[in-house]
file run28.csv (CSV, C-alpha atoms)
chain,number,residue,atom,x,y,z
O,1,MET,CA,194.5,71.1,106.6
O,2,PHE,CA,193.8,69.6,103.2
O,3,VAL,CA,190.5,67.8,103.2
O,4,LYS,CA,189.1,65.5,100.5
O,5,ASN,CA,186.0,67.0,99.0
O,6,MET,CA,183.4,64.3,98.7
O,7,LYS,CA,181.8,65.9,95.7
O,8,LEU,CA,185.0,65.7,93.7
O,9,PRO,CA,184.7,62.1,92.5
O,10,ILE,CA,181.3,63.0,90.9
O,11,LEU,CA,182.8,66.2,89.3
O,12,LEU,CA,185.7,64.1,88.0
O,13,ASP,CA,183.3,61.7,86.4
O,14,VAL,CA,181.3,64.5,84.8
O,15,TYR,CA,184.0,66.9,83.7
O,16,GLY,CA,187.2,64.8,83.8
O,17,ALA,CA,187.4,64.9,80.0
O,18,LEU,CA,188.2,68.6,80.2
O,19,LEU,CA,191.3,68.1,82.3
O,20,THR,CA,194.7,67.2,81.0
O,21,GLU,CA,195.5,63.5,81.1
O,22,ARG,CA,198.0,64.1,83.9
O,23,GLN,CA,195.4,66.0,86.0
O,24,TYR,CA,192.9,63.3,85.5
O,25,GLU,CA,195.3,60.6,86.6
O,26,LEU,CA,196.3,62.6,89.6
O,27,LEU,CA,192.7,63.1,90.9
O,28,ASP,CA,191.8,59.5,90.0
O,29,LEU,CA,194.7,58.3,92.2
O,30,TYR,CA,193.7,60.7,95.0
O,31,TYR,CA,190.0,60.2,95.0
O,32,ASN,CA,189.1,56.9,93.3
O,33,GLU,CA,192.2,54.9,94.4
O,34,ASP,CA,192.3,56.8,97.7
O,35,LEU,CA,196.1,57.2,97.7
O,36,SER,CA,197.5,59.9,100.0
O,37,LEU,CA,199.5,62.9,98.7
O,38,SER,CA,202.7,61.3,100.0
O,39,GLU,CA,202.0,58.0,98.3
O,40,ILE,CA,201.4,59.7,95.0
O,41,ALA,CA,204.5,61.8,95.4
O,42,GLU,CA,206.6,58.7,96.0
O,43,ASN,CA,206.0,57.5,92.4
O,44,THR,CA,206.7,60.9,90.8
O,45,SER,CA,209.4,63.4,90.6
O,46,LEU,CA,207.3,65.9,92.5
O,47,SER,CA,207.3,66.7,96.2
O,48,ARG,CA,204.2,66.1,98.4
O,49,GLN,CA,203.7,69.9,98.3
O,50,GLY,CA,203.9,69.9,94.5
O,51,ILE,CA,201.3,67.1,94.3
O,52,ARG,CA,199.1,69.0,96.7
O,53,ASP,CA,199.3,72.2,94.6
O,54,ALA,CA,198.5,70.2,91.4
O,55,VAL,CA,195.5,68.5,93.1
O,56,LYS,CA,194.2,71.8,94.3
O,57,LYS,CA,194.5,73.4,90.8
O,58,ALA,CA,192.7,70.5,89.1
O,59,GLU,CA,190.0,70.5,91.8
O,60,ASN,CA,189.5,74.2,91.3
O,61,GLU,CA,189.0,73.7,87.6
O,62,LEU,CA,186.4,71.0,88.2
O,63,LEU,CA,184.6,73.3,90.7
O,64,THR,CA,184.6,76.1,88.2
O,65,PHE,CA,183.1,73.9,85.5
O,66,GLU,CA,180.3,72.9,87.9
O,67,ASP,CA,179.8,76.5,88.9
O,68,LYS,CA,179.4,77.5,85.3
O,69,LEU,CA,177.5,74.5,83.9
O,70,GLY,CA,175.9,72.8,86.9
O,71,PHE,CA,175.6,69.4,85.2
O,72,ALA,CA,176.4,67.4,88.3
O,73,GLU,CA,173.6,69.2,90.2
O,74,LYS,CA,171.2,68.7,87.2
O,75,LYS,CA,172.1,65.0,87.1
O,76,GLU,CA,171.3,64.6,90.8
O,77,LYS,CA,168.0,66.4,90.4
O,78,THR,CA,167.1,64.2,87.4
O,79,GLU,CA,167.9,61.1,89.4
O,80,LYS,CA,165.5,62.1,92.1
O,81,LEU,CA,162.7,62.8,89.6
O,82,LEU,CA,163.3,59.5,87.8
O,83,LYS,CA,162.9,57.7,91.2
O,84,GLU,CA,159.5,59.4,91.6
O,85,ALA,CA,158.5,58.4,88.1
O,86,ALA,CA,159.6,54.8,88.8
O,87,ARG,CA,157.2,54.6,91.7
O,88,LEU,CA,154.3,55.2,89.3
O,89,ALA,CA,155.3,52.3,87.1
O,90,GLY,CA,153.7,49.9,89.6
O,91,LYS,CA,150.3,51.3,88.6
O,92,LEU,CA,150.7,50.4,85.0
O,93,PRO,CA,149.8,47.0,83.4
O,94,ALA,CA,152.8,44.6,83.6
O,95,ASP,CA,154.1,45.1,80.0
O,96,ASP,CA,153.8,48.9,80.2
O,97,SER,CA,155.3,49.0,83.7
O,98,ALA,CA,158.4,47.1,82.4
O,99,GLU,CA,158.6,49.4,79.5
O,100,LEU,CA,158.5,52.5,81.7
O,101,LEU,CA,161.2,51.1,84.0
O,102,ARG,CA,163.3,50.3,81.0
O,103,LEU,CA,163.0,53.9,79.7
O,104,ILE,CA,163.8,55.3,83.2
O,105,LYS,CA,166.9,53.1,83.4
O,106,GLU,CA,168.1,54.2,80.0
O,107,ILE,CA,167.5,57.9,80.8
O,108,SER,CA,169.5,57.5,84.0
O,109,GLU,CA,172.4,55.8,82.2
O,110,THR,CA,172.3,58.5,79.4
O,111,ASP,CA,172.3,61.4,81.7
W,1,MET,CA,182.7,79.5,52.1
W,2,PHE,CA,181.6,80.1,55.7
W,3,VAL,CA,178.5,78.2,56.5
W,4,LYS,CA,176.4,78.6,59.7
W,5,ASN,CA,176.4,75.3,61.6
W,6,MET,CA,172.8,74.5,62.7
W,7,LYS,CA,174.0,72.6,65.8
W,8,LEU,CA,175.8,75.7,67.1
W,9,PRO,CA,172.9,77.4,68.8
W,10,ILE,CA,172.3,74.3,70.9
W,11,LEU,CA,176.0,74.1,71.8
W,12,LEU,CA,176.0,77.8,72.7
W,13,ASP,CA,173.0,77.1,75.0
W,14,VAL,CA,174.7,74.1,76.7
W,15,TYR,CA,178.3,75.4,76.9
W,16,GLY,CA,178.0,79.1,76.5
W,17,ALA,CA,179.0,79.7,80.1
W,18,LEU,CA,182.5,78.4,79.3
W,19,LEU,CA,183.1,81.1,76.7
W,20,THR,CA,184.3,84.6,77.4
W,21,GLU,CA,181.5,87.2,77.6
W,22,ARG,CA,182.8,88.6,74.3
W,23,GLN,CA,182.7,85.3,72.6
W,24,TYR,CA,179.3,84.5,73.8
W,25,GLU,CA,177.9,87.9,72.6
W,26,LEU,CA,179.5,87.4,69.2
W,27,LEU,CA,178.0,83.9,68.7
W,28,ASP,CA,174.7,85.1,70.1
W,29,LEU,CA,174.5,87.9,67.5
W,30,TYR,CA,175.6,85.6,64.7
W,31,TYR,CA,173.4,82.6,65.5
W,32,ASN,CA,170.5,83.7,67.6
W,33,GLU,CA,170.1,87.3,66.2
W,34,ASP,CA,171.1,86.0,62.8
W,35,LEU,CA,173.3,89.0,62.0
W,36,SER,CA,175.8,88.6,59.1
W,37,LEU,CA,179.6,88.9,59.8
W,38,SER,CA,179.6,92.3,58.0
W,39,GLU,CA,176.7,93.6,60.1
W,40,ILE,CA,178.5,92.5,63.3
W,41,ALA,CA,181.8,94.1,62.1
W,42,GLU,CA,180.0,97.4,61.5
W,43,ASN,CA,179.4,97.9,65.2
W,44,THR,CA,182.9,96.9,66.3
W,45,SER,CA,186.5,98.0,65.7
W,46,LEU,CA,187.2,94.7,63.9
W,47,SER,CA,187.1,93.8,60.2
W,48,ARG,CA,184.7,91.3,58.7
W,49,GLN,CA,187.7,88.9,58.6
W,50,GLY,CA,188.5,89.6,62.2
W,51,ILE,CA,184.9,88.8,63.2
W,52,ARG,CA,185.0,85.6,61.0
W,53,ASP,CA,188.2,84.4,62.8
W,54,ALA,CA,186.7,85.1,66.2
W,55,VAL,CA,183.5,83.3,65.4
W,56,LYS,CA,185.4,80.3,64.0
W,57,LYS,CA,187.6,80.2,67.2
W,58,ALA,CA,184.6,80.3,69.5
W,59,GLU,CA,182.7,77.7,67.4
W,60,ASN,CA,185.7,75.4,67.6
W,61,GLU,CA,185.8,75.7,71.4
W,62,LEU,CA,182.1,74.7,71.6
W,63,LEU,CA,182.6,71.8,69.3
W,64,THR,CA,185.6,70.6,71.4
W,65,PHE,CA,183.5,70.8,74.6
W,66,GLU,CA,180.8,68.7,72.9
W,67,ASP,CA,183.4,66.3,71.5
W,68,LYS,CA,184.7,65.8,75.1
W,69,LEU,CA,181.6,65.9,77.1
W,70,GLY,CA,178.7,65.0,74.7
W,71,PHE,CA,176.1,66.8,76.8
W,72,ALA,CA,174.1,68.1,73.8
W,73,GLU,CA,173.9,64.6,72.4
W,74,LYS,CA,172.8,63.2,75.8
W,75,LYS,CA,170.2,65.9,76.1
W,76,GLU,CA,168.8,65.0,72.7
W,77,LYS,CA,168.7,61.3,73.5
W,78,THR,CA,167.0,62.0,76.9
W,79,GLU,CA,164.3,64.0,75.2
W,80,LYS,CA,163.5,61.1,72.9
W,81,LEU,CA,163.2,58.7,75.8
W,82,LEU,CA,161.0,61.1,77.8
W,83,LYS,CA,158.6,61.4,74.8
W,84,GLU,CA,158.3,57.6,74.8
W,85,ALA,CA,157.7,57.6,78.6
W,86,ALA,CA,155.0,60.3,78.1
W,87,ARG,CA,153.1,58.0,75.8
W,88,LEU,CA,152.7,55.5,78.6
W,89,ALA,CA,151.2,58.1,80.9
W,90,GLY,CA,147.8,57.7,79.0
W,91,LYS,CA,147.5,54.2,80.4
W,92,LEU,CA,147.6,55.4,84.1
W,93,PRO,CA,144.7,56.6,86.2
W,94,ALA,CA,144.1,60.3,85.6
W,95,ASP,CA,145.9,61.6,88.8
W,96,ASP,CA,148.9,59.4,88.3
W,97,SER,CA,149.0,60.2,84.6
W,98,ALA,CA,149.1,64.0,85.4
W,99,GLU,CA,151.9,63.3,88.0
W,100,LEU,CA,154.0,61.3,85.5
W,101,LEU,CA,153.6,64.1,82.9
W,102,ARG,CA,154.6,66.7,85.5
W,103,LEU,CA,157.7,64.7,86.4
W,104,ILE,CA,158.6,64.2,82.7
W,105,LYS,CA,158.3,68.0,82.1
W,106,GLU,CA,160.4,68.7,85.1
W,107,ILE,CA,163.1,66.3,84.0
W,108,SER,CA,163.1,67.9,80.5
W,109,GLU,CA,163.5,71.4,81.9
W,110,THR,CA,166.2,70.3,84.3
W,111,ASP,CA,168.3,68.4,81.8
call {"tool": "encode", "arguments": {"input": "run28.csv", "output": "structure tokens"}}
result
Amino acid sequence: MFVKNMKLPILLDVYGALLTERQYELLDLYYNEDLSLSEIAENTSLSRQGIRDAVKKAENELLTFEDKLGFAEKKEKTEKLLKEAARLAGKLPADDSAELLRLIKEISETD
Amino acid sequence: MFVKNMKLPILLDVYGALLTERQYELLDLYYNEDLSLSEIAENTSLSRQGIRDAVKKAENELLTFEDKLGFAEKKEKTEKLLKEAARLAGKLPADDSAELLRLIKEISETD
């Protein structure tokens, strides 16, 4: 059985720029647009099996990038720590509290 | 002329895991150990020119990763924002201040 890996959309977001345009489009259709392998195959010259192999290959590349660089895991950890920091903002005077929350939002969007 | 790129040590730190072991060692000797191309060549079977070409190739790979992913730039931006956040810690009660500084340190080390 071929199961969608729920971590893949995050990895596609983080490392997608390292894939070829074709690989990116394929995973985008499969994960973000939630098309089936057969539906994707219908609009291409490839068979369902050909699409399946191409998806698997691109997935493995993303998993290898994460295995080597770990940026998705770091991002997740950073988000948790930022949430803890945001809880402390309430103990600051109003202006400083707003400033800390603004910084936390900006770090989250940068990361 | 062949000039050392001062951003390269940071890129080597961020993306080094995507290079081959040999490429990583080469850039590590050249940038972190500050050996010259000739000094590196002396300990290998390659000419100074061969080393130069290999360094250039590995450097270009790192620059391409940064061009596509921008993680080094994001890391630098996050560090600046964390420093701003750290300045606000002084306005918190002592325990909360220490907690915010601990979180900021952890985010910095994660990122």
call {"tool": "residues_around", "arguments": {"input": "run28.csv", "residues": "Leu8 (chain W)", "least_positions_apart": "3", "cutoff": "8 Å", "atoms": "only C-alpha atoms", "output": "number ranges by chain"}}
result
W: 4-5, 11-12, 31, 59, 62
call {"tool": "interface_residues", "arguments": {"input": "run28.csv", "of": "chain O", "to": "chain W", "cutoff": "12 Å", "atoms": "only C-alpha atoms", "output": "number ranges by chain"}}
result
O: 12-20, 61, 64-111
call {"tool": "residues_around", "arguments": {"input": "run28.csv", "residues": "Arg48 (chain O)", "least_positions_apart": "5", "cutoff": "9 Å", "atoms": "only C-alpha atoms", "output": "number ranges by chain"}}
result
O: 37-42, 53
call {"tool": "atom_distance", "arguments": {"input": "run28.csv", "atom1": "CA of Ser45 (chain O)", "atom2": "CA of Asn32 (chain O)"}}
result
21.5 Å
call {"tool": "residues_around", "arguments": {"input": "run28.csv", "residues": "Glu21 (chain W)", "least_positions_apart": "6", "cutoff": "12 Å", "atoms": "all atoms listed in the file", "output": "ChimeraX atom specification"}}
result
/W:12,27-28,58
call {"tool": "atom_distance", "arguments": {"input": "run28.csv", "atom1": "CA of Lys56 (chain O)", "atom2": "CA of Leu35 (chain O)"}}
result
15.1 Å
call {"tool": "build_atoms", "arguments": {"input": "run28.csv", "residues": "region 61-80 of chain W", "atoms": "N, CA and C atoms", "output": "compact mmCIF listing (two decimals), keeping the file's coordinate frame"}}
result
# COMPACT_ATOMS: atom_id res chain seq x y z
N GLU W 61 185.76 76.01 69.96
CA GLU W 61 185.80 75.70 71.40
C GLU W 61 184.50 74.96 71.80
N LEU W 62 183.35 75.43 71.29
CA LEU W 62 182.10 74.70 71.60
C LEU W 62 182.09 73.31 71.09
N LEU W 63 182.59 73.14 69.87
CA LEU W 63 182.60 71.80 69.30
C LEU W 63 183.57 70.87 70.06
N THR W 64 184.65 71.43 70.58
CA THR W 64 185.60 70.60 71.40
C THR W 64 184.91 70.22 72.71
N PHE W 65 184.16 71.14 73.33
CA PHE W 65 183.50 70.80 74.60
C PHE W 65 182.49 69.63 74.31
N GLU W 66 181.75 69.73 73.22
CA GLU W 66 180.80 68.70 72.90
C GLU W 66 181.49 67.36 72.59
N ASP W 67 182.61 67.47 71.90
CA ASP W 67 183.40 66.30 71.50
C ASP W 67 183.84 65.57 72.83
N LYS W 68 184.23 66.34 73.82
CA LYS W 68 184.70 65.80 75.10
C LYS W 68 183.65 65.34 76.04
N LEU W 69 182.58 66.13 76.12
CA LEU W 69 181.60 65.90 77.10
C LEU W 69 180.26 65.28 76.58
N GLY W 70 179.91 65.63 75.36
CA GLY W 70 178.70 65.00 74.70
C GLY W 70 177.39 65.37 75.39
N PHE W 71 177.30 66.48 76.12
CA PHE W 71 176.10 66.80 76.80
C PHE W 71 174.89 67.12 75.89
N ALA W 72 175.17 67.76 74.75
CA ALA W 72 174.10 68.10 73.80
C ALA W 72 173.48 66.82 73.25
N GLU W 73 174.35 65.87 72.93
CA GLU W 73 173.90 64.60 72.40
C GLU W 73 173.06 63.84 73.45
N LYS W 74 173.56 63.85 74.68
CA LYS W 74 172.80 63.20 75.80
C LYS W 74 171.46 63.80 75.97
N LYS W 75 171.42 65.13 75.91
CA LYS W 75 170.20 65.90 76.10
C LYS W 75 169.16 65.46 75.04
N GLU W 76 169.63 65.36 73.80
CA GLU W 76 168.80 65.00 72.70
C GLU W 76 168.22 63.57 72.90
N LYS W 77 169.10 62.67 73.33
CA LYS W 77 168.70 61.30 73.50
C LYS W 77 167.67 61.20 74.69
N THR W 78 167.94 61.96 75.78
CA THR W 78 167.00 62.00 76.90
C THR W 78 165.64 62.47 76.50
N GLU W 79 165.60 63.51 75.65
CA GLU W 79 164.30 64.00 75.20
C GLU W 79 163.50 62.99 74.45
N LYS W 80 164.16 62.20 73.62
CA LYS W 80 163.50 61.10 72.90
C LYS W 80 162.89 60.11 73.83
